[in-house]
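Student: Sharing a structure with you now.
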Amino acid sequence: MPKITIIGAGQTGATTAHWIAEKGLADVVLVDVVEGLPQGKALDLTQAMPIVGSDSHVVGTNDYAETAGSEIVIITAGLPRKPGMSRDELLEVNSKIVREAVERSLTASPEAILIVLTNPLDPMAYLAMKVGGLPRGRVLGQAGILDSARMRAFVAMELRVSVQNVHCYVLGGHGDEMVPLTRHSNVAGVPLEQAMPPDRLAAIVERTRKGGGEIVGLLKTGSAFYAPAAALAQMAEAVLLDRHLVVPASVLLEGEYGLRGIFFGVPAQLGRGGLEKIIEYQLSPAERQALEVSAGKVREAIAALKI
Ligand SMILES: NC(=O)c1ccc[n+]([C@@H]2O[C@H](COP(=O)([O-])OP(=O)(O)OC[C@H]3O[C@@H](n4cnc5c(N)ncnc54)[C@H](O)[C@@H]3O)[C@@H](O)[C@H]2O)c1
């Protein structure tokens, strides 16, 4: 079995281990600073494997030595938002955590592909690439699968249609300025803009943008974890199984969409080497303008990293 390390055995880390192990995709090493937490969760997951019929091994540790030789390292370590907080407010505290996670995991697994989840997502993925001295193909940020899945779920609920018939694309930075591309989204081939009245579509766009905050507000402690973890597992699978799967993901732009030097959510093809290619949509002036607003926010947050 290939090996996937997950740094951070909190809500998203442990749930990602759950999805990966249940799929039988890889052996999983869960790492956390809290003693006993990754070990306890790994043991619990190990005891679920006979029931779900998977031969994935899950181990928990506080020691990076056990992560050696991982093909993929998923970084979920860091603080989540509290109600009313923006993701950017986590920048300072989570920078230190992500920096350490990247340095220590790459020492143990120098060839690994990194998939970052920690918020603020786009700056943390940028930091991971810089700290690791990695080419852009080896660092992927997870945001777009989640944001697009939120929109897909809302559309499916609105139209009472299977989620499998709903295709939505949310691009841009992982903040409230993200850009749900209604013109590129469809229900069984019918453009979304024809499938429902404009006011209902506008409400779905707004709910998608605030989707993370809605859950933070309900939970009061902690943020969403089932859907973010499912998104991480999908990205890990695309890489490990060399699927050439196109998903919205945060990757370093080098001129695509007229942007350069920032991690930003775009349609990205993922395979064994990580990022294989970026798909460029033809955008209307309004869509381009919305992406530029979102890019401005990401650029500011990256500048605040001071690296
Ligand atoms: N990009 C996205 O779409 C998305 C979605 C959900 C959550 N997030 C972000 O992911 C992060 C984790 O969220 P969560 O709900 O799992 O939080 P959580 O508090 O449940 O878990 C975080 C874990 O990280 C651990 N940790 C802290 N410092 C560490 C270190 N130096 N090394 C190893 N582990 C360390 C903590 O002990 C904790 O167990 C947050 O920043 C959150 O905002 C991003």
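Chain labels A, B, ... are given in the sequence in which chains occur in the structure tokens; within each chain residues are numbered consecutively from 1, and ligands are likewise numbered from 1 in the order shown.
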Could you give me, as a Markdown table, every chain A residue with an atom at most 7 Å from ligand 1, plus its closest atom pair and distance in Å to one decimal, counting only C-alpha atoms and all ligand atoms, rows ordered by chain then number?
Tutor:
| residue | atom | partner | partner_atom_place_in_ligand_line | distance |
| --- | --- | --- | --- | --- |
| A:Ile7 | CA | ligand 1 | 33 (C) | 5.4 |
| A:Gly8 | CA | ligand 1 | 24 (O) | 3.9 |
| A:Ala9 | CA | ligand 1 | 39 (O) | 4.7 |
| A:Gly10 | CA | ligand 1 | 21 (O) | 3.2 |
| A:Gln11 | CA | ligand 1 | 20 (O) | 3.8 |
| A:Thr12 | CA | ligand 1 | 16 (O) | 3.7 |
| A:Gly13 | CA | ligand 1 | 16 (O) | 5.4 |
| A:Val31 | CA | ligand 1 | 33 (C) | 6.0 |
| A:Asp32 | CA | ligand 1 | 34 (N) | 3.8 |
| A:Val33 | CA | ligand 1 | 33 (C) | 4.7 |
| A:Val34 | CA | ligand 1 | 37 (O) | 5.2 |
| A:Thr76 | CA | ligand 1 | 12 (C) | 4.7 |
| A:Ala77 | CA | ligand 1 | 24 (O) | 3.5 |
| A:Gly78 | CA | ligand 1 | 24 (O) | 4.6 |
| A:Leu79 | CA | ligand 1 | 41 (O) | 4.5 |
| A:Pro80 | CA | ligand 1 | 43 (O) | 3.5 |
| A:Arg81 | CA | ligand 1 | 43 (O) | 5.4 |
| A:Arg87 | CA | ligand 1 | 43 (O) | 6.7 |
| A:Asn94 | CA | ligand 1 | 41 (O) | 6.8 |
| A:Ile97 | CA | ligand 1 | 31 (N) | 4.4 |
| A:Glu100 | CA | ligand 1 | 31 (N) | 6.3 |
| A:Ala101 | CA | ligand 1 | 32 (N) | 5.9 |
| A:Leu117 | CA | ligand 1 | 1 (N) | 4.2 |
| A:Thr118 | CA | ligand 1 | 10 (O) | 3.8 |
| A:Asn119 | CA | ligand 1 | 41 (O) | 4.1 |
| A:Pro120 | CA | ligand 1 | 41 (O) | 6.8 |
| A:Leu121 | CA | ligand 1 | 1 (N) | 5.0 |
| A:Gln142 | CA | ligand 1 | 1 (N) | 5.2 |
| A:Ala143 | CA | ligand 1 | 3 (O) | 4.1 |
| A:Leu146 | CA | ligand 1 | 3 (O) | 6.0 |
| A:His174 | CA | ligand 1 | 1 (N) | 6.9 |
| A:Gly222 | CA | ligand 1 | 15 (O) | 5.5 |
| A:Ser223 | CA | ligand 1 | 15 (O) | 5.2 |
| A:Ala224 | CA | ligand 1 | 6 (C) | 5.3 |
| A:Phe225 | CA | ligand 1 | 6 (C) | 5.5 |
| A:Pro228 | CA | ligand 1 | 5 (C) | 4.8 |
Student: Contacts of A:Val102 at 8 Å or less, counting only C-alpha atoms, minus same-chain residues fewer than 5 places along, as a short mmCIF file (atom, residue, chain, number, x, y, z; two decimals) with all heavy atoms, in the first residue's frame?
Tutor:
data_model
loop_
_atom_site.label_atom_id
_atom_site.label_comp_id
_atom_site.auth_asym_id
_atom_site.auth_seq_id
_atom_site.Cartn_x
_atom_site.Cartn_y
_atom_site.Cartn_z
N ALA A 128 3.82 26.91 2.05
CA ALA A 128 4.32 25.53 1.98
C ALA A 128 5.28 25.36 0.81
O ALA A 128 6.34 24.74 0.93
CB ALA A 128 3.15 24.56 1.86
N VAL A 131 8.58 27.39 1.72
CA VAL A 131 9.35 26.74 2.80
C VAL A 131 9.97 25.43 2.29
O VAL A 131 11.11 25.11 2.61
CB VAL A 131 8.44 26.47 4.03
CG1 VAL A 131 9.12 25.55 5.04
CG2 VAL A 131 8.05 27.78 4.68
N GLY A 132 9.20 24.70 1.50
CA GLY A 132 9.70 23.42 0.99
C GLY A 132 10.64 23.58 -0.19
O GLY A 132 11.31 22.63 -0.58
#
Student: So that each row is one residue of stretch 45-138 of chain A with an atom at most 12 Å from stretch 249-264 of chain A, can you give its shortest atom pair and the distance in Å to one decimal, using only C-alpha atoms, rows by chain and rising number, as a tab-separated table?
Tutor:
residue	atom	partner	partner_atom	distance
A:Leu114	CA	A:Val251	CA	11.3
A:Ile115	CA	A:Ser250	CA	9.7
A:Val116	CA	A:Ser250	CA	9.2
A:Leu117	CA	A:Ser250	CA	10.0
A:Pro120	CA	A:Phe263	CA	11.2
A:Leu121	CA	A:Ser250	CA	8.2
A:Asp122	CA	A:Phe263	CA	5.2
A:Pro123	CA	A:Phe263	CA	6.9
A:Met124	CA	A:Phe263	CA	8.9
A:Ala125	CA	A:Phe263	CA	6.8
A:Tyr126	CA	A:Phe263	CA	5.9
A:Leu127	CA	A:Phe263	CA	9.6
A:Ala128	CA	A:Phe263	CA	10.7
A:Met129	CA	A:Leu252	CA	8.9
A:Lys130	CA	A:Leu252	CA	11.0
A:Leu134	CA	A:Leu252	CA	11.2
A:Pro135	CA	A:Leu252	CA	9.4
A:Arg136	CA	A:Leu252	CA	6.0
A:Gly137	CA	A:Val251	CA	8.0
A:Arg138	CA	A:Val251	CA	9.4
Student: Neighbours of A:Gly24 within 6 Å (only C-alpha atoms; same-chain residues fewer than 3 positions away dropped), as a VMD selection string?
Tutor: chain A and resid 21 54 56
Student: Could you list, as a list in words, every residue within 10 Å of A:Ile51, counting only C-alpha atoms and ignoring same-chain residues fewer than 4 positions away?
Tutor: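 Contacts, with the query itself left out: Glu22, Thr46 and Gln47 of chain A.
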Student: Keeping only N, CA, C and O atoms, write those residues as a compact mmCIF listing (two decimals), in the first residue's frame.
Tutor:
# COMPACT_ATOMS: atom_id res chain seq x y z
N GLU A 22 -11.28 4.10 4.49
CA GLU A 22 -12.50 3.38 4.08
C GLU A 22 -12.44 3.01 2.60
O GLU A 22 -12.88 1.93 2.20
N THR A 46 -8.60 1.84 13.02
CA THR A 46 -8.10 0.49 12.75
C THR A 46 -9.17 -0.55 13.09
O THR A 46 -9.36 -1.55 12.38
N GLN A 47 -9.89 -0.28 14.17
CA GLN A 47 -10.91 -1.24 14.61
C GLN A 47 -12.18 -1.15 13.77
O GLN A 47 -13.04 -2.02 13.84
Student: List every residue of stretch 83-299 of chain A that DSSP, applied to the backbone, labels as strand (DSSP E), and write the result as a PDB file with C-alpha atoms, in the first residue's frame.
Tutor:
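After the write, selection_1.pdb holds the following:
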ATOM      1  CA  ILE A 113       3.343  15.841  -2.901  1.00  0.00           C
ATOM      2  CA  LEU A 114       1.805  18.298  -0.438  1.00  0.00           C
ATOM      3  CA  ILE A 115      -1.920  18.946  -0.202  1.00  0.00           C
ATOM      4  CA  VAL A 116      -2.681  21.888   2.084  1.00  0.00           C
ATOM      5  CA  VAL A 139       1.882  21.788  -3.837  1.00  0.00           C
ATOM      6  CA  LEU A 140      -1.905  21.749  -4.087  1.00  0.00           C
ATOM      7  CA  GLY A 141      -4.375  23.647  -1.943  1.00  0.00           C
ATOM      8  CA  VAL A 166     -25.162  19.096 -10.942  1.00  0.00           C
ATOM      9  CA  HIS A 167     -21.823  20.518 -12.091  1.00  0.00           C
ATOM     10  CA  VAL A 170     -16.289  27.949  -7.936  1.00  0.00           C
ATOM     11  CA  LEU A 171     -12.959  29.614  -8.627  1.00  0.00           C
ATOM     12  CA  VAL A 179     -16.258  33.391  -7.623  1.00  0.00           C
ATOM     13  CA  PRO A 180     -19.087  30.905  -8.318  1.00  0.00           C
ATOM     14  CA  ASN A 186     -25.066  23.277 -15.350  1.00  0.00           C
ATOM     15  CA  VAL A 187     -27.716  20.729 -14.418  1.00  0.00           C
ATOM     16  CA  VAL A 190     -28.789  22.804 -18.918  1.00  0.00           C
ATOM     17  CA  PRO A 191     -26.972  26.024 -17.957  1.00  0.00           C
ATOM     18  CA  LEU A 245      -8.858  14.468 -12.834  1.00  0.00           C
ATOM     19  CA  VAL A 246      -9.832  18.101 -13.364  1.00  0.00           C
ATOM     20  CA  VAL A 247     -11.020  19.732 -10.141  1.00  0.00           C
ATOM     21  CA  PRO A 248     -11.025  23.294  -8.859  1.00  0.00           C
ATOM     22  CA  ALA A 249      -7.869  23.563  -6.726  1.00  0.00           C
ATOM     23  CA  SER A 250      -5.577  26.263  -5.412  1.00  0.00           C
ATOM     24  CA  VAL A 251      -2.297  26.220  -7.334  1.00  0.00           C
ATOM     25  CA  LEU A 252       0.470  28.680  -8.112  1.00  0.00           C
ATOM     26  CA  LEU A 253      -0.422  30.790 -11.140  1.00  0.00           C
ATOM     27  CA  GLU A 254       2.320  31.739 -13.556  1.00  0.00           C
ATOM     28  CA  ARG A 260       1.109  35.519 -11.441  1.00  0.00           C
ATOM     29  CA  GLY A 261       2.804  34.621  -8.152  1.00  0.00           C
ATOM     30  CA  ILE A 262      -0.271  33.727  -6.096  1.00  0.00           C
ATOM     31  CA  PHE A 263      -1.983  30.478  -5.149  1.00  0.00           C
ATOM     32  CA  PHE A 264      -5.520  30.770  -6.501  1.00  0.00           C
ATOM     33  CA  GLY A 265      -8.454  28.483  -7.196  1.00  0.00           C
ATOM     34  CA  VAL A 266      -8.617  27.408 -10.861  1.00  0.00           C
ATOM     35  CA  PRO A 267      -9.600  24.219 -12.723  1.00  0.00           C
ATOM     36  CA  ALA A 268      -6.526  22.020 -12.309  1.00  0.00           C
ATOM     37  CA  GLN A 269      -5.753  18.586 -13.747  1.00  0.00           C
ATOM     38  CA  LEU A 270      -4.279  16.296 -11.078  1.00  0.00           C
ATOM     39  CA  GLY A 271      -2.250  13.138 -11.580  1.00  0.00           C
ATOM     40  CA  GLY A 274       0.528  16.564  -8.699  1.00  0.00           C
ATOM     41  CA  LEU A 275      -0.570  19.517 -10.849  1.00  0.00           C
ATOM     42  CA  GLU A 276      -0.447  18.484 -14.512  1.00  0.00           C
ATOM     43  CA  LYS A 277      -2.170  21.376 -16.174  1.00  0.00           C
ATOM     44  CA  ILE A 278      -4.418  24.374 -15.598  1.00  0.00           C
TER      45      ILE A 278
END
Student: Would you compute the distance between atom CA of A:Glu300 and atom CA of A:Ala202? Give it in Å to one decimal.
Tutor: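 Between atom CA of A:Glu300 and atom CA of A:Ala202 the gap is 27.3 Å.
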Student: Within 8 Å of A:Leu45, counting only C-alpha atoms, which residues qualify if same-chain residues fewer than 4 places away don't, as number ranges by chain?
Tutor: A: 18, 41, 49, 58
